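Taking it in order: structure first as structure tokens, then the write-up.
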Amino acid sequence: MRIVIRPFLIISSIYLFLGLAACGSGVGNVPNSTSHNVDPPPPNAAQTPPPILPDRPKIVAFGDSLTAGTGLDTWEKSYPALLQQDIDRSGFDYQVLNQGRPGDTSKAALERLPEALRIANIKVVILELGANDIIKNVPPDEIKRNLAEIITQVKTGGASVLLCGIEPPERVGSEYRKMVLDMYLNLAREKDVLLMPSFMDRVADHPELILPDGVHPNEDGARVIEKNVFAALQPLLKSKSELKKK
């Protein structure tokens, strides 16, 4: 059983209740400017990620707007794009694909999972979901069922999973908060997957790392998230020679 345990940090009430609903806004990587006072950038070539490279093993970042990079003016500033840079610098042969979709709950993500799993040669899935469920007060058992089914399907396809927890704020109530935190821990144990307990660790409680919408990480915040994810991901990464043996 592989679980990475780190101290939980309290996500500020601003994060979830003044803005977490923004995880459901917009399409692609730009939030609704009318609702959240974030002006979308003009279309340009930098908004189009590079094509999928069929010969390279894949790391799929599967999540909501926190993964998609909502509010950033180019896909290159999202944490999956920054992760690609660290992957390349470290000599690994993976291509990192951003499969984040703004607004996704665990149920919505489960429904679109088959499409994502049609990507060839997936080796690792970074699973970041739960923020939109929490703001909707979805029962933790329901979130767990959806995430468990996602993990089952990913592992059936032969890929490993890094599960990223979302830490609720204190104001949701101690009972619901504890149930959510326990849900991620128990799910990781039961499904035997690696756990990064708090996806927004050292970001959510730092306003200078959050966009004006009060929710999503800015470029500097995305860099902190990427470093955390890259560190947690290490046990799942294989060298080029190891991958060739598969």
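Ordered as shown in the structure tokens, chains take letters A, B, and onward, while each chain numbers its residues from 1 and ligands are numbered from 1 in the order shown.
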>> Using DSSP assignments from the backbone, pull out every residue in range 36-127 of chain A that falls under helix (DSSP H, G or I) and give it to me as a PyMOL selection string.
In response: chain A and resi 36+45-47+65-68+75-77+79-89+106-116
>> Residues within 7 Å of range 163-171 of chain A, please, as a VMD selection string. Count only C-alpha atoms; anything in the same chain fewer than 2 positions from it doesn't count.
In response: chain A and resid 10 to 13 126 to 128 130 to 131 161 173 to 174 177 181 184 193 to 199
Set out as a Markdown table a contact list for range 99-177 of chain A and range 48-58 of chain A with a cut-off of 7 Å, giving each residue of range 99-177 of chain A that qualifies its closest atom pair and distance in Å to one decimal, counting only C-alpha atoms, ordered by chain and rising residue number.
```
| residue | atom | partner | partner_atom | distance |
| --- | --- | --- | --- | --- |
| A:Ala120 | CA | A:Pro54 | CA | 6.8 |
| A:Asn121 | CA | A:Pro57 | CA | 5.2 |
| A:Ile122 | CA | A:Lys58 | CA | 4.5 |
| A:Lys123 | CA | A:Lys58 | CA | 5.6 |
| A:Val124 | CA | A:Lys58 | CA | 6.7 |
```
Generate the output file for the selected residues, N, CA, C and O atoms, as a CSV table (one decimal), in the first residue's frame.
```csv
chain,number,residue,atom,x,y,z
A,120,ALA,N,-4.1,6.2,-26.2
A,120,ALA,CA,-3.2,5.0,-26.2
A,120,ALA,C,-2.0,5.2,-25.2
A,120,ALA,O,-1.5,6.3,-25.0
A,121,ASN,N,-1.6,4.1,-24.6
A,121,ASN,CA,-0.4,4.0,-23.8
A,121,ASN,C,-0.4,4.9,-22.6
A,121,ASN,O,0.6,5.5,-22.2
A,122,ILE,N,-1.5,4.9,-21.9
A,122,ILE,CA,-1.5,5.6,-20.6
A,122,ILE,C,-0.8,4.8,-19.5
A,122,ILE,O,-1.2,3.6,-19.3
A,123,LYS,N,0.1,5.4,-18.8
A,123,LYS,CA,0.8,4.7,-17.8
A,123,LYS,C,0.4,5.2,-16.4
A,123,LYS,O,0.5,4.5,-15.4
A,124,VAL,N,0.1,6.5,-16.3
A,124,VAL,CA,-0.2,7.1,-15.0
A,124,VAL,C,-1.4,8.1,-15.2
A,124,VAL,O,-1.4,8.8,-16.2
```
> Near Pro114 in chain A, within 10 Å and counting only C-alpha atoms, which residues show up once chain neighbours fewer than 6 positions away are dropped, as a PyMOL selection string?
Replying inline: chain A and resi 150+153-154
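One finds CA of Leu243 in chain A at 19.1 Å from CA of Gln85 in chain A.
Distances to Ser65 in chain A were evaluated for A:Lys191, A:Arg101, A:Lys107, A:Arg145 using only C-alpha atoms, and the minimum falls at A:Arg101.
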>> For a test of reading the model, state the distance in Å between CA of Gly63 in chain A and CA of Gln99 in chain A, rounded to one decimal.
In response: 6.6 Å
> Which of these residues is nearest to Asn186 in chain A, using only C-alpha atoms: A:Ala148, A:Ala232, A:Val172, A:Leu211?
Replying inline: A:Ala148
Find the spatial neighbours of range 67-69 of chain A, counting only C-alpha atoms, within a cut-off of 10 Å - ignore same-chain residues fewer than 4 positions away - and output them as a PDB file with N, CA, C and O atoms, in the first residue's frame.
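Final file, out28.pdb:
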```
ATOM      1  N   CYS A  23     -15.197  26.718 -10.205  1.00  0.00           N
ATOM      2  CA  CYS A  23     -14.683  25.512 -10.843  1.00  0.00           C
ATOM      3  C   CYS A  23     -15.664  25.000 -11.878  1.00  0.00           C
ATOM      4  O   CYS A  23     -15.317  24.220 -12.742  1.00  0.00           O
ATOM      5  N   VAL A  27     -15.577  27.120 -20.342  1.00  0.00           N
ATOM      6  CA  VAL A  27     -15.212  25.952 -21.120  1.00  0.00           C
ATOM      7  C   VAL A  27     -13.763  26.081 -21.478  1.00  0.00           C
ATOM      8  O   VAL A  27     -13.273  27.151 -21.791  1.00  0.00           O
ATOM      9  N   GLY A  28     -13.041  24.981 -21.430  1.00  0.00           N
ATOM     10  CA  GLY A  28     -11.612  25.038 -21.707  1.00  0.00           C
ATOM     11  C   GLY A  28     -10.868  25.608 -20.539  1.00  0.00           C
ATOM     12  O   GLY A  28     -11.165  25.325 -19.396  1.00  0.00           O
ATOM     13  N   ASN A  29      -9.890  26.483 -20.798  1.00  0.00           N
ATOM     14  CA  ASN A  29      -9.030  26.982 -19.748  1.00  0.00           C
ATOM     15  C   ASN A  29      -9.329  28.410 -19.350  1.00  0.00           C
ATOM     16  O   ASN A  29      -8.538  29.048 -18.700  1.00  0.00           O
ATOM     17  N   VAL A  30     -10.482  28.965 -19.741  1.00  0.00           N
ATOM     18  CA  VAL A  30     -10.791  30.361 -19.434  1.00  0.00           C
ATOM     19  C   VAL A  30     -12.134  30.443 -18.735  1.00  0.00           C
ATOM     20  O   VAL A  30     -13.133  29.960 -19.250  1.00  0.00           O
ATOM     21  N   PRO A  31     -12.219  31.043 -17.524  1.00  0.00           N
ATOM     22  CA  PRO A  31     -13.486  31.146 -16.821  1.00  0.00           C
ATOM     23  C   PRO A  31     -14.406  32.176 -17.450  1.00  0.00           C
ATOM     24  O   PRO A  31     -13.997  32.983 -18.270  1.00  0.00           O
ATOM     25  N   ALA A  61      -3.430  13.978 -16.694  1.00  0.00           N
ATOM     26  CA  ALA A  61      -3.935  14.770 -15.575  1.00  0.00           C
ATOM     27  C   ALA A  61      -5.441  14.890 -15.758  1.00  0.00           C
ATOM     28  O   ALA A  61      -5.921  15.599 -16.649  1.00  0.00           O
ATOM     29  N   PHE A  62      -6.200  14.194 -14.918  1.00  0.00           N
ATOM     30  CA  PHE A  62      -7.652  14.075 -15.076  1.00  0.00           C
ATOM     31  C   PHE A  62      -8.324  14.771 -13.898  1.00  0.00           C
ATOM     32  O   PHE A  62      -8.171  14.349 -12.746  1.00  0.00           O
ATOM     33  N   GLY A  63      -9.056  15.855 -14.176  1.00  0.00           N
ATOM     34  CA  GLY A  63      -9.654  16.594 -13.073  1.00  0.00           C
ATOM     35  C   GLY A  63     -10.605  17.669 -13.539  1.00  0.00           C
ATOM     36  O   GLY A  63     -11.166  17.604 -14.635  1.00  0.00           O
ATOM     37  N   ASP A  73      -3.694  32.540 -19.017  1.00  0.00           N
ATOM     38  CA  ASP A  73      -3.842  33.037 -20.385  1.00  0.00           C
ATOM     39  C   ASP A  73      -3.241  32.107 -21.431  1.00  0.00           C
ATOM     40  O   ASP A  73      -3.312  32.406 -22.623  1.00  0.00           O
ATOM     41  N   THR A  74      -2.670  31.007 -21.008  1.00  0.00           N
ATOM     42  CA  THR A  74      -2.158  30.021 -21.956  1.00  0.00           C
ATOM     43  C   THR A  74      -2.042  28.671 -21.271  1.00  0.00           C
ATOM     44  O   THR A  74      -1.801  28.595 -20.056  1.00  0.00           O
ATOM     45  N   TRP A  75      -2.240  27.607 -22.016  1.00  0.00           N
ATOM     46  CA  TRP A  75      -2.124  26.254 -21.480  1.00  0.00           C
ATOM     47  C   TRP A  75      -0.731  26.002 -20.917  1.00  0.00           C
ATOM     48  O   TRP A  75      -0.551  25.161 -20.033  1.00  0.00           O
ATOM     49  N   GLU A  76       0.266  26.745 -21.392  1.00  0.00           N
ATOM     50  CA  GLU A  76       1.650  26.520 -20.965  1.00  0.00           C
ATOM     51  C   GLU A  76       1.882  26.855 -19.495  1.00  0.00           C
ATOM     52  O   GLU A  76       2.893  26.462 -18.919  1.00  0.00           O
ATOM     53  N   LYS A  77       0.936  27.591 -18.881  1.00  0.00           N
ATOM     54  CA  LYS A  77       1.077  27.965 -17.471  1.00  0.00           C
ATOM     55  C   LYS A  77       0.321  27.027 -16.537  1.00  0.00           C
ATOM     56  O   LYS A  77       0.403  27.176 -15.319  1.00  0.00           O
ATOM     57  N   SER A  78      -0.409  26.079 -17.090  1.00  0.00           N
ATOM     58  CA  SER A  78      -1.139  25.129 -16.254  1.00  0.00           C
ATOM     59  C   SER A  78      -0.165  24.141 -15.628  1.00  0.00           C
ATOM     60  O   SER A  78       0.936  23.910 -16.140  1.00  0.00           O
ATOM     61  N   TYR A  79      -0.576  23.541 -14.516  1.00  0.00           N
ATOM     62  CA  TYR A  79       0.363  22.638 -13.845  1.00  0.00           C
ATOM     63  C   TYR A  79       0.748  21.419 -14.701  1.00  0.00           C
ATOM     64  O   TYR A  79       1.910  20.978 -14.656  1.00  0.00           O
ATOM     65  N   PRO A  80      -0.153  20.836 -15.528  1.00  0.00           N
ATOM     66  CA  PRO A  80       0.297  19.720 -16.356  1.00  0.00           C
ATOM     67  C   PRO A  80       1.387  20.121 -17.359  1.00  0.00           C
ATOM     68  O   PRO A  80       2.300  19.332 -17.637  1.00  0.00           O
ATOM     69  N   ALA A  81       1.286  21.329 -17.904  1.00  0.00           N
ATOM     70  CA  ALA A  81       2.322  21.789 -18.834  1.00  0.00           C
ATOM     71  C   ALA A  81       3.651  21.989 -18.109  1.00  0.00           C
ATOM     72  O   ALA A  81       4.719  21.658 -18.637  1.00  0.00           O
ATOM     73  N   ASN A  98      -3.266  17.141 -20.493  1.00  0.00           N
ATOM     74  CA  ASN A  98      -4.205  17.824 -19.614  1.00  0.00           C
ATOM     75  C   ASN A  98      -5.632  17.433 -19.994  1.00  0.00           C
ATOM     76  O   ASN A  98      -6.141  17.841 -21.036  1.00  0.00           O
ATOM     77  N   GLN A  99      -6.251  16.637 -19.133  1.00  0.00           N
ATOM     78  CA  GLN A  99      -7.638  16.230 -19.339  1.00  0.00           C
ATOM     79  C   GLN A  99      -8.522  16.810 -18.225  1.00  0.00           C
ATOM     80  O   GLN A  99      -9.440  16.160 -17.741  1.00  0.00           O
ATOM     81  N   GLY A 100      -8.219  18.055 -17.829  1.00  0.00           N
ATOM     82  CA  GLY A 100      -9.058  18.746 -16.865  1.00  0.00           C
ATOM     83  C   GLY A 100     -10.245  19.383 -17.569  1.00  0.00           C
ATOM     84  O   GLY A 100     -10.116  19.885 -18.691  1.00  0.00           O
ATOM     85  N   ARG A 101     -11.401  19.361 -16.905  1.00  0.00           N
ATOM     86  CA  ARG A 101     -12.592  19.989 -17.485  1.00  0.00           C
ATOM     87  C   ARG A 101     -13.289  20.824 -16.409  1.00  0.00           C
ATOM     88  O   ARG A 101     -13.759  20.279 -15.399  1.00  0.00           O
ATOM     89  N   PRO A 102     -13.381  22.146 -16.617  1.00  0.00           N
ATOM     90  CA  PRO A 102     -14.050  23.001 -15.641  1.00  0.00           C
ATOM     91  C   PRO A 102     -15.473  22.544 -15.358  1.00  0.00           C
ATOM     92  O   PRO A 102     -16.220  22.183 -16.266  1.00  0.00           O
ATOM     93  N   ILE A 126      -3.218  11.152 -12.977  1.00  0.00           N
ATOM     94  CA  ILE A 126      -3.249  12.028 -11.807  1.00  0.00           C
ATOM     95  C   ILE A 126      -4.694  12.449 -11.622  1.00  0.00           C
ATOM     96  O   ILE A 126      -5.245  13.202 -12.429  1.00  0.00           O
ATOM     97  N   LEU A 127      -5.332  11.957 -10.569  1.00  0.00           N
ATOM     98  CA  LEU A 127      -6.771  12.118 -10.382  1.00  0.00           C
ATOM     99  C   LEU A 127      -7.050  13.225  -9.367  1.00  0.00           C
ATOM    100  O   LEU A 127      -6.813  13.060  -8.168  1.00  0.00           O
ATOM    101  N   GLU A 128      -7.555  14.359  -9.844  1.00  0.00           N
ATOM    102  CA  GLU A 128      -7.858  15.520  -8.994  1.00  0.00           C
ATOM    103  C   GLU A 128      -9.327  15.870  -9.157  1.00  0.00           C
ATOM    104  O   GLU A 128      -9.727  16.469 -10.152  1.00  0.00           O
ATOM    105  N   LEU A 129     -10.152  15.438  -8.214  1.00  0.00           N
ATOM    106  CA  LEU A 129     -11.583  15.706  -8.267  1.00  0.00           C
ATOM    107  C   LEU A 129     -12.139  15.814  -6.849  1.00  0.00           C
ATOM    108  O   LEU A 129     -11.569  15.254  -5.910  1.00  0.00           O
ATOM    109  N   PHE A 199      -4.295  18.720  -2.677  1.00  0.00           N
ATOM    110  CA  PHE A 199      -3.852  19.206  -3.980  1.00  0.00           C
ATOM    111  C   PHE A 199      -3.439  20.668  -3.925  1.00  0.00           C
ATOM    112  O   PHE A 199      -2.506  21.080  -4.617  1.00  0.00           O
ATOM    113  N   HIS A 216      -8.878  29.915  -8.341  1.00  0.00           N
ATOM    114  CA  HIS A 216      -7.923  29.155  -9.131  1.00  0.00           C
ATOM    115  C   HIS A 216      -6.495  29.661  -8.938  1.00  0.00           C
ATOM    116  O   HIS A 216      -6.283  30.858  -8.752  1.00  0.00           O
ATOM    117  N   PRO A 217      -5.538  28.754  -8.988  1.00  0.00           N
ATOM    118  CA  PRO A 217      -4.143  29.185  -8.852  1.00  0.00           C
ATOM    119  C   PRO A 217      -3.705  30.051 -10.023  1.00  0.00           C
ATOM    120  O   PRO A 217      -4.093  29.808 -11.169  1.00  0.00           O
ATOM    121  N   ASN A 218      -2.914  31.073  -9.720  1.00  0.00           N
ATOM    122  CA  ASN A 218      -2.293  31.849 -10.792  1.00  0.00           C
ATOM    123  C   ASN A 218      -1.038  31.117 -11.264  1.00  0.00           C
ATOM    124  O   ASN A 218      -0.802  29.964 -10.884  1.00  0.00           O
ATOM    125  N   GLU A 219      -0.258  31.771 -12.088  1.00  0.00           N
ATOM    126  CA  GLU A 219       0.925  31.107 -12.638  1.00  0.00           C
ATOM    127  C   GLU A 219       1.872  30.636 -11.535  1.00  0.00           C
ATOM    128  O   GLU A 219       2.385  29.513 -11.575  1.00  0.00           O
ATOM    129  N   ALA A 222       0.302  27.682  -9.759  1.00  0.00           N
ATOM    130  CA  ALA A 222       0.410  26.459 -10.563  1.00  0.00           C
ATOM    131  C   ALA A 222       1.796  25.841 -10.443  1.00  0.00           C
ATOM    132  O   ALA A 222       1.941  24.608 -10.449  1.00  0.00           O
ATOM    133  N   ILE A 225       1.883  23.923  -7.129  1.00  0.00           N
ATOM    134  CA  ILE A 225       1.133  22.670  -7.293  1.00  0.00           C
ATOM    135  C   ILE A 225       1.951  21.657  -8.091  1.00  0.00           C
ATOM    136  O   ILE A 225       2.043  20.473  -7.733  1.00  0.00           O
TER     137      ILE A 225
END
```
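Interatomic distance, CA of Ile119 in chain A to CA of Glu142 in chain A: 27.0 Å.
Of the residues listed (A:Val60, A:Ala188, A:His206, A:Thr70), A:Val60 shows the shortest atom-to-atom separation from Tyr94 in chain A; distances use only C-alpha atoms.
Counting only C-alpha atoms, the residue from A:Leu83, A:Gln234, A:Lys245, A:Arg112 that sits nearest to Leu162 in chain A is A:Gln234.
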> DSSP on the backbone: what in range 73-162 of chain A comes out strand (DSSP E or B), as a PyMOL selection string?
Replying inline: chain A and resi 95-100+122-128+160-162
